>>> print(open('model_13.cif').read())   # mmCIF, C-alpha atoms
data_work
#
loop_
_atom_site.group_PDB
_atom_site.id
_atom_site.type_symbol
_atom_site.label_atom_id
_atom_site.label_comp_id
_atom_site.auth_asym_id
_atom_site.auth_seq_id
_atom_site.Cartn_x
_atom_site.Cartn_y
_atom_site.Cartn_z
ATOM 1 C CA MET A 561 9.175 -7.576 3.750
ATOM 2 C CA LEU A 562 12.396 -8.958 2.359
ATOM 3 C CA LEU A 563 10.923 -9.535 -1.084
ATOM 4 C CA SER A 564 9.520 -5.999 -1.093
ATOM 5 C CA ARG A 565 12.864 -4.445 -0.139
ATOM 6 C CA THR A 566 14.679 -6.500 -2.786
ATOM 7 C CA LEU A 567 12.117 -5.623 -5.445
ATOM 8 C CA GLU A 568 12.147 -1.912 -4.649
ATOM 9 C CA ASP A 569 15.948 -1.791 -4.622
ATOM 10 C CA LYS A 570 15.787 -3.149 -8.166
ATOM 11 C CA ILE A 571 13.066 -0.692 -9.183
ATOM 12 C CA GLY A 572 15.220 2.166 -7.871
ATOM 13 C CA ALA A 573 18.167 0.899 -9.910
ATOM 14 C CA LEU A 574 16.027 0.675 -13.060
ATOM 15 C CA TYR A 575 14.816 4.230 -12.483
ATOM 16 C CA ARG A 576 18.365 5.548 -12.176
ATOM 17 C CA ALA A 577 19.236 3.691 -15.381
ATOM 18 C CA ASN A 578 16.396 5.553 -17.163
ATOM 19 C CA ARG A 579 14.445 2.340 -17.731
ATOM 20 C CA ILE A 580 11.352 3.607 -15.906
ATOM 21 C CA VAL A 581 9.184 6.513 -17.043
ATOM 22 C CA GLY A 582 7.510 8.552 -14.309
ATOM 23 C CA GLY A 583 8.211 8.761 -10.608
ATOM 24 C CA VAL A 584 9.383 6.035 -8.254
ATOM 25 C CA TYR A 585 8.292 6.127 -4.610
ATOM 26 C CA LEU A 586 9.702 3.486 -2.311
ATOM 27 C CA GLY A 587 8.433 2.102 0.985
ATOM 28 C CA ARG A 588 11.796 1.570 2.636
ATOM 29 C CA GLY A 589 11.166 1.639 6.386
ATOM 30 C CA GLN A 590 7.417 1.024 6.069
ATOM 31 C CA GLU A 591 7.474 -2.675 5.158
ATOM 32 C CA ALA A 592 6.456 -4.010 8.595
ATOM 33 C CA PHE A 593 3.453 -1.706 8.938
ATOM 34 C CA SER A 594 2.338 -2.304 5.358
ATOM 35 C CA ALA A 595 2.773 -6.079 5.277
ATOM 36 C CA ALA A 596 1.120 -6.583 8.673
ATOM 37 C CA LEU A 597 -2.136 -4.970 7.504
ATOM 38 C CA ALA A 598 -2.375 -7.051 4.344
ATOM 39 C CA MET A 599 -1.484 -10.249 6.194
ATOM 40 C CA ALA A 600 -4.472 -9.706 8.500
ATOM 41 C CA LEU A 601 -6.819 -9.574 5.499
ATOM 42 C CA GLU A 602 -8.354 -12.388 3.462
ATOM 43 C CA PRO A 603 -7.593 -11.751 -0.238
ATOM 44 C CA SER A 604 -10.393 -14.085 -1.331
ATOM 45 C CA ARG A 605 -13.082 -11.743 0.043
ATOM 46 C CA ASP A 606 -11.618 -8.511 1.480
ATOM 47 C CA VAL A 607 -10.802 -5.182 -0.179
ATOM 48 C CA TYR A 608 -7.368 -3.541 -0.027
ATOM 49 C CA ALA A 609 -6.435 -0.094 -1.347
ATOM 50 C CA PRO A 610 -2.675 0.523 -0.990
ATOM 51 C CA LEU A 611 -0.730 3.717 -1.674
ATOM 52 C CA ILE A 612 2.718 4.421 -3.083
ATOM 53 C CA ARG A 613 4.729 2.980 -0.159
ATOM 54 C CA ASP A 614 2.753 -0.229 0.208
ATOM 55 C CA GLN A 615 4.727 -2.613 -1.967
ATOM 56 C CA ALA A 616 5.079 -4.998 0.980
ATOM 57 C CA GLY A 617 1.330 -4.888 1.538
ATOM 58 C CA ARG A 618 0.619 -5.474 -2.130
ATOM 59 C CA LEU A 619 2.795 -8.584 -2.118
ATOM 60 C CA ALA A 620 1.224 -9.847 1.106
ATOM 61 C CA PHE A 621 -2.250 -9.363 -0.406
ATOM 62 C CA GLY A 622 -1.221 -11.458 -3.406
ATOM 63 C CA GLU A 623 0.130 -9.114 -6.085
ATOM 64 C CA PRO A 624 2.586 -11.087 -8.247
ATOM 65 C CA VAL A 625 6.061 -9.582 -8.594
ATOM 66 C CA ILE A 626 5.639 -9.731 -12.361
ATOM 67 C CA ASP A 627 2.572 -7.441 -12.152
ATOM 68 C CA THR A 628 4.668 -4.816 -10.381
ATOM 69 C CA LEU A 629 7.504 -4.907 -12.885
ATOM 70 C CA ARG A 630 5.292 -5.083 -15.952
ATOM 71 C CA THR A 631 3.537 -1.902 -14.827
ATOM 72 C CA TYR A 632 6.758 -0.044 -14.040
ATOM 73 C CA LEU A 633 8.263 -1.083 -17.378
ATOM 74 C CA GLY A 634 5.125 -0.272 -19.396
ATOM 75 C CA SER A 635 4.389 -3.800 -20.588
ATOM 76 C CA VAL A 636 1.163 -4.370 -22.493
ATOM 77 C CA LEU A 637 0.798 -7.592 -20.502
ATOM 78 C CA GLY A 638 0.633 -5.799 -17.160
ATOM 79 C CA PRO A 639 -2.588 -5.162 -15.211
ATOM 80 C CA MET A 640 -2.829 -1.615 -16.620
ATOM 81 C CA ARG A 641 -1.703 -2.719 -20.111
ATOM 82 C CA GLY A 642 1.007 -0.079 -20.231
ATOM 83 C CA ARG A 643 -1.635 2.649 -20.312
ATOM 84 C CA ASP A 644 -1.394 4.123 -16.815
ATOM 85 C CA GLY A 645 1.289 5.315 -14.434
ATOM 86 C CA ASN A 646 3.365 2.725 -12.638
ATOM 87 C CA ILE A 647 1.920 3.410 -9.177
ATOM 88 C CA HIS A 648 -1.702 3.369 -10.362
ATOM 89 C CA ARG A 649 -1.942 -0.363 -10.867
ATOM 90 C CA GLY A 650 -4.625 -2.576 -9.427
ATOM 91 C CA ARG A 651 -7.013 -5.440 -10.076
ATOM 92 C CA PRO A 652 -10.477 -4.302 -8.896
ATOM 93 C CA GLY A 653 -12.008 -7.689 -9.611
ATOM 94 C CA ALA A 654 -9.571 -9.204 -7.124
ATOM 95 C CA GLY A 655 -10.413 -6.667 -4.436
ATOM 96 C CA SER A 656 -7.548 -4.254 -5.097
ATOM 97 C CA PRO A 657 -8.693 -1.022 -6.790
ATOM 98 C CA ALA A 658 -6.219 0.964 -8.851
ATOM 99 C CA MET A 659 -4.697 3.778 -6.817
ATOM 100 C CA ILE A 660 -5.806 7.397 -7.181
ATOM 101 C CA SER A 661 -2.990 9.894 -6.623
ATOM 102 C CA HIS A 662 -5.173 12.474 -4.879
ATOM 103 C CA LEU A 663 -4.520 11.657 -1.246
ATOM 104 C CA GLY A 664 -7.520 10.550 0.763
ATOM 105 C CA SER A 665 -9.557 9.559 -2.277
ATOM 106 C CA MET A 666 -8.960 5.820 -1.926
ATOM 107 C CA ILE A 667 -10.686 5.748 1.459
ATOM 108 C CA SER A 668 -14.009 6.769 -0.079
ATOM 109 C CA VAL A 669 -13.485 4.244 -2.889
ATOM 110 C CA VAL A 670 -13.146 1.477 -0.304
ATOM 111 C CA CYS A 671 -16.229 2.782 1.501
ATOM 112 C CA GLY A 672 -18.145 2.581 -1.777
ATOM 113 C CA MET A 673 -16.960 -0.985 -2.370
ATOM 114 C CA LEU A 674 -18.046 -1.942 1.146
ATOM 115 C CA MET A 675 -21.466 -0.357 0.618
ATOM 116 C CA ALA A 676 -21.816 -2.329 -2.623
ATOM 117 C CA ARG A 677 -20.987 -5.548 -0.799
ATOM 118 C CA ARG A 678 -23.571 -4.656 1.853
ATOM 119 C CA PHE A 679 -26.255 -4.059 -0.794
ATOM 120 C CA LYS A 680 -25.440 -7.482 -2.270
ATOM 121 C CA GLY A 681 -25.908 -9.102 1.117
ATOM 122 C CA GLU A 682 -22.245 -10.113 1.533
ATOM 123 C CA LYS A 683 -21.209 -10.315 5.170
ATOM 124 C CA GLU A 684 -17.946 -10.291 7.128
ATOM 125 C CA VAL A 685 -16.095 -8.359 4.415
ATOM 126 C CA VAL A 686 -13.376 -5.941 5.545
ATOM 127 C CA GLY A 687 -12.074 -3.028 3.519
ATOM 128 C CA ALA A 688 -8.611 -1.632 4.214
ATOM 129 C CA ALA A 689 -7.127 1.641 3.024
ATOM 130 C CA THR A 690 -3.836 3.360 3.750
ATOM 131 C CA ILE A 691 -2.848 6.989 4.156
ATOM 132 C CA GLY A 692 0.139 8.974 5.380
ATOM 133 C CA ASP A 693 0.293 11.584 8.118
ATOM 134 C CA GLY A 694 0.024 14.389 5.569
ATOM 135 C CA GLY A 695 -2.889 12.782 3.783
ATOM 136 C CA THR A 696 -4.981 12.823 6.957
ATOM 137 C CA SER A 697 -5.197 16.607 6.569
ATOM 138 C CA THR A 698 -7.149 16.373 3.328
ATOM 139 C CA GLY A 699 -10.868 16.928 3.071
ATOM 140 C CA ALA A 700 -11.289 13.640 1.228
ATOM 141 C CA CYS A 701 -9.893 11.743 4.210
ATOM 142 C CA HIS A 702 -12.240 13.524 6.628
ATOM 143 C CA GLU A 703 -15.316 13.028 4.463
ATOM 144 C CA ALA A 704 -14.633 9.329 3.926
ATOM 145 C CA LEU A 705 -13.994 8.651 7.621
ATOM 146 C CA ASN A 706 -17.142 10.514 8.589
ATOM 147 C CA LEU A 707 -19.167 8.457 6.108
ATOM 148 C CA ALA A 708 -17.580 5.213 7.297
ATOM 149 C CA ALA A 709 -18.413 6.069 10.910
ATOM 150 C CA VAL A 710 -22.021 7.047 10.205
ATOM 151 C CA GLU A 711 -22.600 3.886 8.161
ATOM 152 C CA ASN A 712 -20.640 1.715 10.631
ATOM 153 C CA LEU A 713 -18.597 0.273 7.771
ATOM 154 C CA PRO A 714 -15.996 -2.473 8.384
ATOM 155 C CA LEU A 715 -13.147 -0.170 7.345
ATOM 156 C CA VAL A 716 -9.587 -0.419 8.633
ATOM 157 C CA LEU A 717 -7.566 2.720 7.954
ATOM 158 C CA ALA A 718 -3.799 2.375 8.330
ATOM 159 C CA VAL A 719 -2.098 5.734 8.923
ATOM 160 C CA ALA A 720 1.643 5.543 8.327
ATOM 161 C CA ASN A 721 3.051 8.462 10.304
ATOM 162 C CA ASN A 722 6.452 8.733 8.654
ATOM 163 C CA GLN A 723 6.890 12.186 10.208
ATOM 164 C CA PHE A 724 7.038 14.146 6.955
ATOM 165 C CA ALA A 725 4.398 15.110 4.396
ATOM 166 C CA TYR A 726 6.970 15.284 1.626
ATOM 167 C CA SER A 727 9.224 17.838 3.409
ATOM 168 C CA THR A 728 6.715 19.226 5.927
ATOM 169 C CA PRO A 729 7.332 17.928 9.482
ATOM 170 C CA VAL A 730 4.425 16.729 11.612
ATOM 171 C CA SER A 731 4.873 19.727 13.915
ATOM 172 C CA ARG A 732 3.417 21.832 11.087
ATOM 173 C CA GLN A 733 0.649 19.359 10.218
ATOM 174 C CA TYR A 734 -1.427 18.748 13.336
ATOM 175 C CA ALA A 735 -1.690 19.966 16.931
ATOM 176 C CA CYS A 736 -2.863 16.814 18.717
ATOM 177 C CA GLU A 737 -0.272 14.649 20.446
ATOM 178 C CA ASP A 738 -0.936 11.625 18.247
ATOM 179 C CA LEU A 739 -3.050 11.136 15.147
ATOM 180 C CA SER A 740 -4.828 8.203 16.782
ATOM 181 C CA GLU A 741 -6.591 10.751 18.996
ATOM 182 C CA ARG A 742 -8.624 11.845 15.983
ATOM 183 C CA ALA A 743 -10.495 8.536 16.049
ATOM 184 C CA VAL A 744 -12.488 9.743 19.060
ATOM 185 C CA GLY A 745 -13.837 12.679 17.076
ATOM 186 C CA TYR A 746 -15.195 10.360 14.406
ATOM 187 C CA GLY A 747 -16.660 7.981 16.969
ATOM 188 C CA ILE A 748 -14.452 5.100 15.846
ATOM 189 C CA GLU A 749 -11.834 2.917 17.495
ATOM 190 C CA GLY A 750 -8.205 4.009 17.323
ATOM 191 C CA TYR A 751 -4.848 2.369 17.972
ATOM 192 C CA ARG A 752 -1.227 3.450 18.001
ATOM 193 C CA VAL A 753 1.674 1.105 17.311
ATOM 194 C CA ASP A 754 5.421 1.116 16.752
ATOM 195 C CA GLY A 755 5.471 0.891 12.970
ATOM 196 C CA THR A 756 8.974 -0.574 12.961
ATOM 197 C CA ASP A 757 8.030 -3.586 15.097
ATOM 198 C CA LEU A 758 6.616 -6.352 12.908
ATOM 199 C CA ALA A 759 5.315 -8.444 15.809
ATOM 200 C CA ALA A 760 3.507 -5.454 17.328
ATOM 201 C CA CYS A 761 2.015 -4.474 13.964
ATOM 202 C CA LEU A 762 0.758 -8.012 13.334
ATOM 203 C CA GLU A 763 -0.933 -8.047 16.735
ATOM 204 C CA VAL A 764 -2.619 -4.662 16.384
ATOM 205 C CA PHE A 765 -3.803 -5.147 12.804
ATOM 206 C CA GLY A 766 -5.026 -8.632 13.650
ATOM 207 C CA LYS A 767 -7.196 -7.138 16.378
ATOM 208 C CA ALA A 768 -8.396 -4.189 14.257
ATOM 209 C CA VAL A 769 -9.413 -6.397 11.318
ATOM 210 C CA ALA A 770 -11.197 -8.836 13.637
ATOM 211 C CA ARG A 771 -13.110 -5.976 15.292
ATOM 212 C CA ALA A 772 -14.163 -4.571 11.933
ATOM 213 C CA ARG A 773 -15.236 -7.996 10.693
ATOM 214 C CA ASP A 774 -17.300 -8.584 13.831
ATOM 215 C CA GLY A 775 -19.364 -5.439 13.273
ATOM 216 C CA HIS A 776 -17.610 -2.896 15.491
ATOM 217 C CA GLY A 777 -17.265 -0.317 12.717
ATOM 218 C CA PRO A 778 -14.240 1.572 11.396
ATOM 219 C CA GLN A 779 -10.830 1.060 12.966
ATOM 220 C CA MET A 780 -7.922 3.516 12.696
ATOM 221 C CA VAL A 781 -4.373 2.254 13.252
ATOM 222 C CA VAL A 782 -1.566 4.821 13.433
ATOM 223 C CA GLY A 783 1.978 3.539 13.102
ATOM 224 C CA ARG A 784 4.984 5.690 13.906
ATOM 225 C CA LEU A 785 8.035 5.130 11.743
ATOM 226 C CA LEU A 786 10.485 7.067 9.607
ATOM 227 C CA ARG A 787 10.673 7.045 5.840
ATOM 228 C CA LEU A 788 14.203 5.761 5.174
ATOM 229 C CA CYS A 789 14.406 7.392 1.758
ATOM 230 C CA GLY A 790 13.245 10.555 0.079
ATOM 231 C CA HIS A 791 9.649 11.280 -0.850
ATOM 232 C CA GLY A 792 10.597 9.820 -4.219
ATOM 233 C CA GLU A 793 13.817 8.720 -5.883
ATOM 234 C CA HIS A 794 14.155 12.277 -7.166
ATOM 235 C CA ASP A 795 14.373 13.579 -3.580
ATOM 236 C CA ASP A 796 17.471 13.302 -1.345
ATOM 237 C CA ALA A 797 15.506 13.988 1.881
ATOM 238 C CA SER A 798 18.086 16.543 3.007
ATOM 239 C CA TYR A 799 15.357 18.203 5.084
ATOM 240 C CA VAL A 800 15.344 15.266 7.549
ATOM 241 C CA PRO A 801 17.639 16.150 10.511
ATOM 242 C CA ALA A 802 20.471 13.702 11.106
ATOM 243 C CA GLU A 803 19.572 13.391 14.783
ATOM 244 C CA LEU A 804 16.096 12.217 13.809
ATOM 245 C CA ARG A 805 17.524 9.446 11.675
ATOM 246 C CA ASP A 806 19.697 8.262 14.560
ATOM 247 C CA ARG A 807 16.879 7.805 17.074
ATOM 248 C CA GLU A 808 16.196 4.248 18.184
ATOM 249 C CA GLU A 809 12.469 4.514 17.474
ATOM 250 C CA ASN A 810 13.211 5.348 13.823
ATOM 251 C CA ARG A 811 15.153 2.144 13.171
ATOM 252 C CA ASP A 812 14.937 -0.022 10.051
ATOM 253 C CA CYS A 813 11.983 -2.405 10.475
ATOM 254 C CA LEU A 814 13.617 -5.070 8.301
ATOM 255 C CA LYS A 815 16.775 -5.109 10.407
ATOM 256 C CA LEU A 816 14.710 -5.273 13.602
ATOM 257 C CA ALA A 817 12.613 -8.162 12.230
ATOM 258 C CA ARG A 818 15.784 -10.117 11.455
ATOM 259 C CA GLU A 819 17.085 -9.561 14.986
ATOM 260 C CA GLN A 820 13.771 -10.575 16.560
ATOM 261 C CA MET A 821 13.448 -13.724 14.459
ATOM 262 C CA LEU A 822 16.955 -14.853 15.349
ATOM 263 C CA ALA A 823 16.552 -14.006 19.047
ATOM 264 C CA MET A 824 13.278 -15.956 19.276
ATOM 265 C CA GLY A 825 14.652 -18.934 17.388
ATOM 266 C CA TRP A 826 12.182 -18.562 14.535
ATOM 267 C CA THR A 827 14.931 -18.822 11.939
ATOM 268 C CA THR A 828 18.693 -19.183 11.495
ATOM 269 C CA PRO A 829 21.310 -17.054 9.742
ATOM 270 C CA ARG A 830 21.524 -19.703 7.031
ATOM 271 C CA ASP A 831 17.753 -19.656 6.509
ATOM 272 C CA LEU A 832 17.854 -15.877 6.176
ATOM 273 C CA GLU A 833 20.598 -16.132 3.566
ATOM 274 C CA THR A 834 18.431 -18.597 1.639
ATOM 275 C CA MET A 835 15.464 -16.215 1.846
ATOM 276 C CA GLU A 836 17.591 -13.369 0.524
ATOM 277 C CA ALA A 837 18.876 -15.499 -2.358
ATOM 278 C CA ASP A 838 15.349 -16.632 -3.233
ATOM 279 C CA ALA A 839 14.058 -13.048 -3.186
ATOM 280 C CA TYR A 840 16.902 -11.898 -5.432
ATOM 281 C CA GLU A 841 16.321 -14.741 -7.895
ATOM 282 C CA THR A 842 12.567 -14.093 -7.981
ATOM 283 C CA VAL A 843 13.081 -10.408 -8.762
ATOM 284 C CA GLN A 844 15.789 -10.975 -11.368
ATOM 285 C CA THR A 845 13.683 -13.584 -13.172
ATOM 286 C CA ALA A 846 10.664 -11.282 -13.251
ATOM 287 C CA VAL A 847 12.740 -8.343 -14.522
ATOM 288 C CA ALA A 848 14.148 -10.434 -17.360
ATOM 289 C CA LEU A 849 10.648 -11.552 -18.337
ATOM 290 C CA ALA A 850 9.083 -8.073 -18.160
ATOM 291 C CA GLN A 851 11.879 -6.532 -20.212
ATOM 292 C CA ARG A 852 11.061 -8.917 -23.074
ATOM 293 C CA ASP A 853 7.356 -8.064 -23.047
ATOM 294 C CA PRO A 854 5.763 -6.092 -25.908
ATOM 295 C CA GLN A 855 5.033 -2.396 -25.440
ATOM 296 C CA PRO A 856 1.594 -0.924 -26.234
ATOM 297 C CA ASP A 857 0.995 0.223 -29.800
ATOM 298 C CA ALA A 858 -1.579 3.030 -29.915
ATOM 299 C CA ALA A 859 -2.267 2.343 -33.602
ATOM 300 C CA LYS A 860 -3.319 -1.254 -32.930
ATOM 301 C CA GLU A 861 -4.679 -1.113 -29.403
ATOM 302 C CA ASP A 862 -8.441 -1.464 -28.881
ATOM 303 C CA TRP A 863 -8.133 -1.130 -25.106
ATOM 304 C CA LEU A 864 -10.872 0.748 -23.253
ATOM 305 C CA PRO A 865 -11.040 1.911 -19.633
ATOM 306 C CA LEU A 866 -12.216 -0.763 -17.219
ATOM 307 C CA ALA A 867 -15.823 -1.865 -17.817
ATOM 308 C CA SER A 868 -16.532 1.025 -20.175
ATOM 309 C CA GLY A 869 -17.854 -1.111 -23.009
ATOM 310 C CA TRP A 870 -21.409 -0.363 -21.921
ATOM 311 C CA LEU A 871 -20.681 3.344 -21.797
ATOM 312 C CA VAL A 872 -19.041 3.887 -25.187
ATOM 313 C CA GLU A 873 -21.483 5.650 -27.530
ATOM 314 C CA GLY A 874 -22.698 3.158 -30.047
ATOM 315 C CA GLY A 875 -20.797 0.344 -28.335
ATOM 316 C CA VAL A 876 -22.353 -3.054 -27.797
ATOM 317 C CA GLY A 877 -21.587 -5.466 -24.978
ATOM 318 C CA VAL A 878 -18.778 -5.404 -22.448
ATOM 319 C CA CYS A 879 -15.215 -4.361 -23.208
ATOM 320 C CA PRO A 880 -13.262 -7.621 -23.841
ATOM 321 C CA ASN A 881 -10.358 -6.317 -21.771
ATOM 322 C CA ALA A 882 -12.478 -5.311 -18.750
#
>>> encode(input="model_13.cif", output="structure tokens")
Amino acid sequence: MLLSRTLEDKIGALYRANRIVGGVYLGRGQEAFSAALAMALEPSRDVYAPLIRDQAGRLAFGEPVIDTLRTYLGSVLGPMRGRDGNIHRGRPGAGSPAMISHLGSMISVVCGMLMARRFKGEKEVVGAATIGDGGTSTGACHEALNLAAVENLPLVLAVANNQFAYSTPVSRQYACEDLSERAVGYGIEGYRVDGTDLAACLEVFGKAVARARDGHGPQMVVGRLLRLCGHGEHDDASYVPAELRDREENRDCLKLAREQMLAMGWTTPRDLETMEADAYETVQTAVALAQRDPQPDAAKEDWLPLASGWLVEGGVGVCPNA
């Protein structure tokens, strides 16, 4: 969580300094919910499809900090080789498919990956996908959840209810009391959790992943929290009422985690200072390295889309960069 916050603070600064092309969307306030899901997974065999506010989850699932910065800065050495938008990075071979911007689409991608694993006879594999409150209103989300339920897939869907679909409040998005109630309609298991409470999120996601792995079908976890920044760095979030920001339940998950760790004796103020210094040094070192990387040269690049070597007309063999 701390590394994610430090990294995203730096990414925001680079964006404001015009060093990043494209949009920047931060997960400030969502780190506990995001990291807890990924920490319940097993990167060596599971599948994880994060969205734009899941930097903490990406790190917990094993994404190197340098991968993040190389993609944002357009390095040819990054996972997308400087050829795709900064939020669309991924390493499918490592169980993390590249993100699709169309909300809801990643859920069906994970379902497809789980079906493929089933056809290959692989067992006890869990696939996790994330979505926001607004994204649950899309047809793609509904279709994927319906498929997952019918096929009894080991899918864990994390719904981050940050109370705004861009600037649209939840009161204009759905009529049920809580999004977790929708799980009943799909015939799957649903949970609700305080998305700002790291300990609670770890407990709930641990249970949901275990249930999915044991053959109990799709699991939907809805976490309530508040996005502590705009939809993107271009957005000042002036549509969020001040009284909403001041509510106790919309607190900063990172601040709460610090308080809990100190109160329970899990760490000391000095240890936290060391963690902060280490996170800062890690990010600064990675930034310096990524800024020295070469940029893609269209005139020299022979890069092809992932695994498309077999599909290129007249091509022979597999793309060397796949």
>>> residues_around(input="model_13.cif", residues="Asn712 of chain A", least_positions_apart="6", cutoff="12 Å", atoms="all atoms listed in the file", output="VMD selection string")
chain A and resid 671 674 to 675 678 686 704 to 706 746 to 749 771 to 779
>>> write_last_selection(input="model_13.cif", atoms="C-alpha atoms", output="PDB file, in the frame of the given file")
ATOM      1  CA  CYS A 671     -16.229   2.782   1.501  1.00  0.00           C
ATOM      2  CA  LEU A 674     -18.046  -1.942   1.146  1.00  0.00           C
ATOM      3  CA  MET A 675     -21.466  -0.357   0.618  1.00  0.00           C
ATOM      4  CA  ARG A 678     -23.571  -4.656   1.853  1.00  0.00           C
ATOM      5  CA  VAL A 686     -13.376  -5.941   5.545  1.00  0.00           C
ATOM      6  CA  ALA A 704     -14.633   9.329   3.926  1.00  0.00           C
ATOM      7  CA  LEU A 705     -13.994   8.651   7.621  1.00  0.00           C
ATOM      8  CA  ASN A 706     -17.142  10.514   8.589  1.00  0.00           C
ATOM      9  CA  TYR A 746     -15.195  10.360  14.406  1.00  0.00           C
ATOM     10  CA  GLY A 747     -16.660   7.981  16.969  1.00  0.00           C
ATOM     11  CA  ILE A 748     -14.452   5.100  15.846  1.00  0.00           C
ATOM     12  CA  GLU A 749     -11.834   2.917  17.495  1.00  0.00           C
ATOM     13  CA  ARG A 771     -13.110  -5.976  15.292  1.00  0.00           C
ATOM     14  CA  ALA A 772     -14.163  -4.571  11.933  1.00  0.00           C
ATOM     15  CA  ARG A 773     -15.236  -7.996  10.693  1.00  0.00           C
ATOM     16  CA  ASP A 774     -17.300  -8.584  13.831  1.00  0.00           C
ATOM     17  CA  GLY A 775     -19.364  -5.439  13.273  1.00  0.00           C
ATOM     18  CA  HIS A 776     -17.610  -2.896  15.491  1.00  0.00           C
ATOM     19  CA  GLY A 777     -17.265  -0.317  12.717  1.00  0.00           C
ATOM     20  CA  PRO A 778     -14.240   1.572  11.396  1.00  0.00           C
ATOM     21  CA  GLN A 779     -10.830   1.060  12.966  1.00  0.00           C
TER      22      GLN A 779
END
>>> residues_around(input="model_13.cif", residues="segment 805-818 of chain A", least_positions_apart="5", cutoff="7 Å", atoms="all atoms listed in the file", output="PyMOL selection string")
chain A and resi 561+589+591-592+756-758+785-786
>>> write_last_selection(input="model_13.cif", atoms="C-alpha atoms", output="PDB file, keeping the file's coordinate frame")
ATOM      1  CA  MET A 561       9.175  -7.576   3.750  1.00  0.00           C
ATOM      2  CA  GLY A 589      11.166   1.639   6.386  1.00  0.00           C
ATOM      3  CA  GLU A 591       7.474  -2.675   5.158  1.00  0.00           C
ATOM      4  CA  ALA A 592       6.456  -4.010   8.595  1.00  0.00           C
ATOM      5  CA  THR A 756       8.974  -0.574  12.961  1.00  0.00           C
ATOM      6  CA  ASP A 757       8.030  -3.586  15.097  1.00  0.00           C
ATOM      7  CA  LEU A 758       6.616  -6.352  12.908  1.00  0.00           C
ATOM      8  CA  LEU A 785       8.035   5.130  11.743  1.00  0.00           C
ATOM      9  CA  LEU A 786      10.485   7.067   9.607  1.00  0.00           C
TER      10      LEU A 786
END
>>> resolve_selection(input="model_13.cif", expression="the PyMOL selection byres ((chain A and resi 581) around 9)", output="JSON, numbers by chain")
{"A": [575, 578, 579, 580, 582, 583, 584, 632, 633, 634, 645, 646]}
>>> resolve_selection(input="model_13.cif", expression="the PyMOL selection byres ((chain A and resi 670) around 9)", output="list of chain:residue names")
A:Val607, A:Tyr608, A:Ala609, A:Pro657, A:Met666, A:Ile667, A:Ser668, A:Val669, A:Cys671, A:Gly672, A:Met673, A:Leu674, A:Met675, A:Gly687, A:Ala688, A:Ala689, A:Leu715
>>> closest_residue(input="model_13.cif", among="A:Ala654, A:Ala573, A:Leu562, A:Val716", to="Arg605 of chain A", atoms="all atoms listed in the file")
A:Ala654
>>> residues_around(input="model_13.cif", residues="Ile660 of chain A", least_positions_apart="5", cutoff="10 Å", atoms="all atoms listed in the file", output="ChimeraX atom specification")
/A:609-612,647-649,665-666,669
>>> build_atoms(input="model_13.cif", residues="segment 810-821 of chain A", atoms="N, CA and C atoms", output="CSV table (one decimal), keeping the file's coordinate frame")
chain,number,residue,atom,x,y,z
A,810,ASN,N,13.3,5.2,15.3
A,810,ASN,CA,13.2,5.3,13.8
A,810,ASN,C,14.1,4.3,13.1
A,811,ARG,N,14.3,3.2,13.7
A,811,ARG,CA,15.2,2.1,13.2
A,811,ARG,C,14.6,1.5,11.9
A,812,ASP,N,15.4,0.7,11.2
A,812,ASP,CA,14.9,0.0,10.1
A,812,ASP,C,14.1,-1.2,10.5
A,813,CYS,N,12.9,-1.3,10.1
A,813,CYS,CA,12.0,-2.4,10.5
A,813,CYS,C,12.5,-3.8,10.0
A,814,LEU,N,13.1,-3.8,8.8
A,814,LEU,CA,13.6,-5.1,8.3
A,814,LEU,C,14.8,-5.6,9.2
A,815,LYS,N,15.7,-4.7,9.6
A,815,LYS,CA,16.8,-5.1,10.4
A,815,LYS,C,16.3,-5.6,11.8
A,816,LEU,N,15.3,-4.9,12.3
A,816,LEU,CA,14.7,-5.3,13.6
A,816,LEU,C,14.0,-6.6,13.5
A,817,ALA,N,13.3,-6.9,12.4
A,817,ALA,CA,12.6,-8.2,12.2
A,817,ALA,C,13.6,-9.3,12.2
A,818,ARG,N,14.7,-9.1,11.5
A,818,ARG,CA,15.8,-10.1,11.5
A,818,ARG,C,16.3,-10.4,12.9
A,819,GLU,N,16.6,-9.4,13.6
A,819,GLU,CA,17.1,-9.6,15.0
A,819,GLU,C,16.1,-10.3,15.9
A,820,GLN,N,14.8,-9.9,15.8
A,820,GLN,CA,13.8,-10.6,16.6
A,820,GLN,C,13.6,-12.0,16.2
A,821,MET,N,13.6,-12.3,14.9
A,821,MET,CA,13.4,-13.7,14.5
A,821,MET,C,14.6,-14.6,14.9
